[in-house]
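Inspection log for the structure reproduced underneath, given as C-alpha cells.
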Amino acid sequence: MQTQRRSLTYIAGRALLYLVLAVSSVMMIVPFYWSLGTSLKLERFVFSSPPQWWPNPLTLQSYVNIVTRIPFMRYFSNSVIVAVSTTLGHAFFDTLAAYAFAKLIFPGRDRIFFIFLLVLMVPSQVNLIPMYRIMATLHWTDTYLALIIPNLTGVFGIFMMRQFLMSIPNELLDAARIDGCNEFDVFAKVVLPLSLPGIATLVIMTFMGTWNDFLWPRIVTNSESLFTLPVGLAQLQMKNTSNVAQIMAGTVLTALPMILVFLFMQRQFISGMMAGALKE
Amino acid sequence: MTVASLSNRFKRVMWKYSMAYLFIVAPVIAMVAFMFIPMIVSFWWSLNDYSGIQAAKFVGLSNYIQLFTNDPIFIKTLVNTTLFVLMGMGIGPTLGLLTALLLNQKVRFQSVFRTAYYLPVMTSLVVVSTIWVMLYNRNGLLNSFVTGLGFPKVGWLSDPRISLVSVVIASIWQGFGFETVIFLAALQSIPRELYEAAMIDGADAFLRFWYITLPSLRHVILFVYIYGIIGSYQVFDQVFVMTSGGPVYSTSTIVHYLFTKFMDLRLGYASAIAYVLFGILVVFSYVQWRFFTERS
C-alpha cells in the first residue's frame, strides 16, 4: 500500500515535470514558429483574426521581395565577411597572445596581463564615441575596415584561451624545444593541435557575437551596401512597418545561419557559455 | 665565460623575449588604440562642450551637473534602466535555476528541452525584438489570446504604463536560457554522494536544496548576477528596435539616451552619460574582475 502510493506520487510528479517542460518549451518555440509562419503568409493574413496557425495560402513571395527589392543578400554577405574575418582574427591573435601569457616568460608579462583584465571593467560604451571619431579620422567609417579591424582581438578571448593553454603540460613544450623547435614552431606544431577544442569554442563565441552585434555596425555604417544583417533588419523594421511578412522573412534569414551552426556545434556553444562562469 | 658566449647568451634571451613580445603585439596595440586612448579622450570630452564639428570648449563638470540637476529625461532613463535590471534580474536567473533543476531530474530528451530554452540566447537581439514587435502588435498573437480570454486588447508597446514591462518580458524570454545552461552544468557537477549522504540522514528535498544545492552553486550564482547586472544596465538593442525609447520616454534607457545624444552631436554630453554608466557599474565590474583574476 505504502509503495503503491509512493509510486503513484512518483508518476504524478514525473507527469507534472514533463508537462511543465513541454509547456515552457512550446513558449520558447512559438515566437520562432510564428515568425517563420508569418514570413510564409500573404500580408493581408498576417494579423487575421482568429490567428492563422498554418499559412494559407503558403507563399514565398516575401522571400522573393526581400532579395529582389531590398539588398538583403548584400547584408547577408556583409555579415559573413565581417563575422568570418573577425573570427579568424580572434582565433589567430587571441591564441597567440594567450600562448605568450600562459607559457612564455618575459619581462612585464603578468603586469601586462593584469592591465588587460583591468580593461574588462570598462563598459564598451565609454569607448564608443571616441572610437567612432578615430574611425572617421582614418576615413574608415562606412568601410569594412571599421567593421573588422577594431574587433580582431579581444581580452576575453585571450583570457579564455590562456585558461585553456595552461592545462597543456610544460614538459611537452620543453621536449619540442630540446628537439630544436623555435617558439613559433612550438606554437604551431605542439600548442595549436592541442588547443583546437579551445579554439573551436572561441570561434563559436566570436562568430555568434559578431553575427549578432548591432550598436557598433549601426554607428559606423551609413550606406546600405555595408549594412550587416541586424542593421539592415532594424532599418527594414523601422521604414517598412506595413510589410510584416517581409520583415519576418528577414528575421528568418538572419537567425537561420546561427541556429544551423548551433545545431552542429552544440557542445562548443555550451562550453563557450561555461568558459566565463565555472571554475575548471 | 668569454665575451662572445655572453653576448650569444644575451642574443638568445633577447630572441626569446622578442618572440613573446611579437605574440602579444597585436592585442597590445589594439588595447592602446581602441581602449586606452578612447577611454581618456572620452573622459576629456565629458568635461567639454563638444559637437565634433566646432572646437571643444572646456566646461568642467557642468555636463555631469546638468545630467543630474537639469535633465529630467536622463533621470527617467536612470530609473527605467534600474527597473529593467531589477525586473530582469529578479525573474531571469530564478527562471534559469528552476528550469535547470527540472532538467536535472534525469529527464529524457534533456538536450531537446535545453535547446528550446537556449535557442533565443544565440539569436540576434534585433531578430528577437523584431519578432516580439509583431507578437505585441495591437492585432497580434498575444492580444488574440488576451481577447480570447475575454479581456480588452492591451497596448503592449504603446501604453507607457506597461511598455517597459513588455520590453522586460521579451528580454527575459531571450536571455534566461543562458542561465539554464550554466546552472544545469553546475548542478551536474555536484557530487551525487552528497545527496545520498543527506538522504540517509533523512534530509527532505527542501533541506537538500538548501544545504547542498544552493551552497554548491554560490559561485555560479554570483557570476550570473554580476554578469547579468552589467549586461542589463547596457540594454540598448531591444529598446532601439521595439520602442525607440517611447512612448514618452517610458522605455528610454541609459545607452539609448547616450545614443540619441550622440546622434544629436552632443558628444561631450554623451561621453558624460557613458562615464555615469561606468560609475554605476564599477562596483559590479570590480567583482567581475576579481572573479577573473582569482581564476588566473
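Just remember, in the C-alpha cells the first chain shown is A, the second B, etc., residues are 1-based per chain, and ligands are 1-based in the order shown.
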
Exercise: stretch 166-183 of chain A partners within 12 Å, only C-alpha atoms, chain neighbours under 6 positions left out, as an mmCIF file with C-alpha atoms, in the first residue's frame:
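So the final result, stored in selection.cif, reads:
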data_model
loop_
_atom_site.group_PDB
_atom_site.id
_atom_site.type_symbol
_atom_site.label_atom_id
_atom_site.label_comp_id
_atom_site.auth_asym_id
_atom_site.auth_seq_id
_atom_site.Cartn_x
_atom_site.Cartn_y
_atom_site.Cartn_z
ATOM 1 C CA THR A 95 45.517 32.220 -29.206
ATOM 2 C CA LEU A 96 48.980 33.549 -29.956
ATOM 3 C CA ALA A 98 47.277 33.610 -24.795
ATOM 4 C CA TYR A 99 50.174 31.280 -25.501
ATOM 5 C CA ALA A 100 52.666 34.008 -24.629
ATOM 6 C CA PHE A 101 50.815 34.809 -21.400
ATOM 7 C CA ALA A 102 50.375 31.173 -20.418
ATOM 8 C CA LYS A 103 53.637 29.557 -21.400
ATOM 9 C CA LEU A 104 56.398 32.065 -22.157
ATOM 10 C CA ILE A 105 58.495 34.006 -19.694
ATOM 11 C CA ILE A 158 42.822 35.892 -24.642
ATOM 12 C CA PHE A 159 41.711 35.169 -21.091
ATOM 13 C CA MET A 160 39.718 32.134 -22.131
ATOM 14 C CA LYS A 189 53.339 22.146 -34.096
ATOM 15 C CA VAL A 190 52.575 21.378 -30.452
ATOM 16 C CA VAL A 191 50.297 24.004 -28.924
ATOM 17 C CA LEU A 192 47.971 24.615 -31.845
ATOM 18 C CA PRO A 193 46.915 20.991 -32.399
ATOM 19 C CA LEU A 194 46.318 20.556 -28.663
ATOM 20 C CA SER A 195 44.296 23.736 -28.362
ATOM 21 C CA GLY A 198 39.548 25.662 -27.094
ATOM 22 C CA GLU A 280 37.703 24.384 -14.150
ATOM 23 C CA ARG B 12 69.337 34.107 -27.320
ATOM 24 C CA TRP B 15 65.407 36.435 -29.257
ATOM 25 C CA LYS B 16 63.248 34.524 -26.854
ATOM 26 C CA TYR B 17 61.734 37.682 -25.386
ATOM 27 C CA SER B 18 61.195 39.307 -28.751
ATOM 28 C CA MET B 19 59.267 36.227 -29.858
ATOM 29 C CA ALA B 20 56.973 36.606 -26.852
ATOM 30 C CA TYR B 21 56.519 40.325 -27.474
ATOM 31 C CA LEU B 22 55.766 39.604 -31.113
ATOM 32 C CA PHE B 23 52.994 37.255 -29.998
ATOM 33 C CA ARG B 295 40.988 32.263 -11.662
ATOM 34 C CA SER B 296 44.222 33.194 -13.356
#

Name the residues of stretch 68-200 of chain B that fall into alpha helix (DSSP H) according to DSSP on the backbone, using the chain letters and numbers of this document, as a PyMOL selection string.
chain B and resi 68-69+72-103+110-118+125-135+141-148+163-188+192-200

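Taking atom CA of B:Thr180 as the reference point, atom CA of B:Val128 is found at 18.4 Å.
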
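Closest approach to B:Val32 among A:Met248, A:Leu260, A:Ile115, A:Val203: A:Ile115, based on only C-alpha atoms.
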
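Here atom CA of A:Ala136 and atom CA of B:Ala274 stand 19.9 Å from one another.
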
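Contact shell of stretch 53-56 of chain A at 7 Å (only C-alpha atoms; same-chain neighbours under 3 positions omitted): A:Gly37, A:Leu40, A:Lys41.
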
At a cut-off of 8 Å, using only C-alpha atoms, what residues contact B:Ile73? Leave out same-chain residues fewer than 3 positions from it and give the result as a PyMOL selection string.
chain B and resi 76-77+249

Output N, CA and C atoms for every residue in the selection just made, as a short mmCIF file (atom, residue, chain, number, x, y, z; two decimals), in the first residue's frame.
data_model
loop_
_atom_site.label_atom_id
_atom_site.label_comp_id
_atom_site.auth_asym_id
_atom_site.auth_seq_id
_atom_site.Cartn_x
_atom_site.Cartn_y
_atom_site.Cartn_z
N LYS B 76 14.91 59.96 -15.78
CA LYS B 76 13.93 58.95 -16.20
C LYS B 76 14.63 57.71 -16.76
N THR B 77 15.68 57.94 -17.59
CA THR B 77 16.38 56.79 -18.16
C THR B 77 17.10 56.00 -17.07
N TYR B 249 9.20 58.50 -23.44
CA TYR B 249 10.40 58.11 -22.70
C TYR B 249 10.16 56.99 -21.69
#

Counting only C-alpha atoms, which residues from chain B have an atom at most 6 Å from any atom of chain A, and could you show them as a PyMOL selection string?
chain B and resi 17+20+23-24+38-39+116+123-124+126-127+139-140+274+285

Using only C-alpha atoms, determine which residues lie at most 10 Å from B:Ala100, disregarding the query and same-chain residues fewer than 2 positions distant; provide the list as a PyMOL selection string.
chain B and resi 94-98+102-105+114+177+179-188

Filtering to C-alpha atoms, could you give me those residues as a PDB file, in the first residue's frame?
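Written output follows (out.pdb):
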ATOM      1  CA  THR B  94      15.281  32.334 -10.971  1.00  0.00           C
ATOM      2  CA  LEU B  95      13.644  31.028 -14.129  1.00  0.00           C
ATOM      3  CA  GLY B  96      17.028  29.734 -15.262  1.00  0.00           C
ATOM      4  CA  LEU B  97      17.597  27.922 -11.968  1.00  0.00           C
ATOM      5  CA  LEU B  98      14.075  26.442 -11.947  1.00  0.00           C
ATOM      6  CA  LEU B 102      13.763  20.454 -13.708  1.00  0.00           C
ATOM      7  CA  LEU B 103      16.136  19.357 -16.461  1.00  0.00           C
ATOM      8  CA  ASN B 104      18.432  17.832 -13.852  1.00  0.00           C
ATOM      9  CA  GLN B 105      15.740  15.288 -12.780  1.00  0.00           C
ATOM     10  CA  ARG B 114      17.742  22.658 -23.268  1.00  0.00           C
ATOM     11  CA  GLY B 177      18.245  30.075 -21.341  1.00  0.00           C
ATOM     12  CA  GLU B 179      21.294  30.817 -17.068  1.00  0.00           C
ATOM     13  CA  THR B 180      19.542  27.482 -17.588  1.00  0.00           C
ATOM     14  CA  VAL B 181      22.573  26.103 -19.392  1.00  0.00           C
ATOM     15  CA  ILE B 182      25.038  27.424 -16.835  1.00  0.00           C
ATOM     16  CA  PHE B 183      23.053  26.274 -13.806  1.00  0.00           C
ATOM     17  CA  LEU B 184      22.444  22.863 -15.376  1.00  0.00           C
ATOM     18  CA  ALA B 185      26.151  22.294 -15.929  1.00  0.00           C
ATOM     19  CA  ALA B 186      26.870  23.425 -12.365  1.00  0.00           C
ATOM     20  CA  LEU B 187      24.173  21.139 -10.974  1.00  0.00           C
ATOM     21  CA  GLN B 188      25.584  18.202 -12.868  1.00  0.00           C
TER      22      GLN B 188
END

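Shortest atom-to-atom contact with B:Tyr269 among B:Arg161, B:Trp289, B:Tyr257, B:Ser111: B:Tyr257, counting only C-alpha atoms.
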
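The spacing separating atom CA of B:Ile190 from atom CA of B:Thr213 amounts to 7.7 Å.
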
Give me the residues within 10 Å of B:Val248 as a JSON list (two decimals) with C-alpha atoms, in the first residue's frame, counting only C-alpha atoms and dropping any in the same chain fewer than 5 places off.
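File produced: result-v9.json:
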[["chain", "number", "residue", "atom", "x", "y", "z"],
["B", 73, "ILE", "CA", 14.76, 62.74, -19.12],
["B", 158, "SER", "CA", 2.05, 51.78, -26.95],
["B", 159, "ASP", "CA", 0.81, 52.15, -23.37],
["B", 160, "PRO", "CA", 3.52, 53.97, -21.41]]

Polymer residues at most 12 Å from A:Val64, only C-alpha atoms, same-chain spacing of 3 or more positions, as an mmCIF file with C-alpha atoms, in the first residue's frame:
data_model
loop_
_atom_site.group_PDB
_atom_site.id
_atom_site.type_symbol
_atom_site.label_atom_id
_atom_site.label_comp_id
_atom_site.auth_asym_id
_atom_site.auth_seq_id
_atom_site.Cartn_x
_atom_site.Cartn_y
_atom_site.Cartn_z
ATOM 1 C CA SER A 39 7.049 35.029 -43.373
ATOM 2 C CA LEU A 40 5.144 32.486 -45.467
ATOM 3 C CA THR A 59 3.717 31.787 -50.305
ATOM 4 C CA LEU A 60 7.402 32.528 -50.739
ATOM 5 C CA GLN A 61 6.623 35.994 -52.075
ATOM 6 C CA VAL A 67 16.125 39.583 -52.008
ATOM 7 C CA THR A 68 14.946 41.479 -55.089
ATOM 8 C CA ARG A 69 13.631 44.788 -53.683
ATOM 9 C CA ILE A 70 15.976 45.105 -50.722
ATOM 10 C CA PRO A 71 19.701 44.294 -50.883
ATOM 11 C CA PHE A 72 19.216 41.618 -48.248
ATOM 12 C CA MET A 73 21.682 39.239 -49.849
ATOM 13 C CA ALA A 245 5.601 39.205 -43.671
ATOM 14 C CA GLN A 246 8.626 40.630 -45.408
ATOM 15 C CA ALA A 249 11.389 36.745 -43.841
ATOM 16 C CA GLY A 250 14.268 38.989 -42.817
#
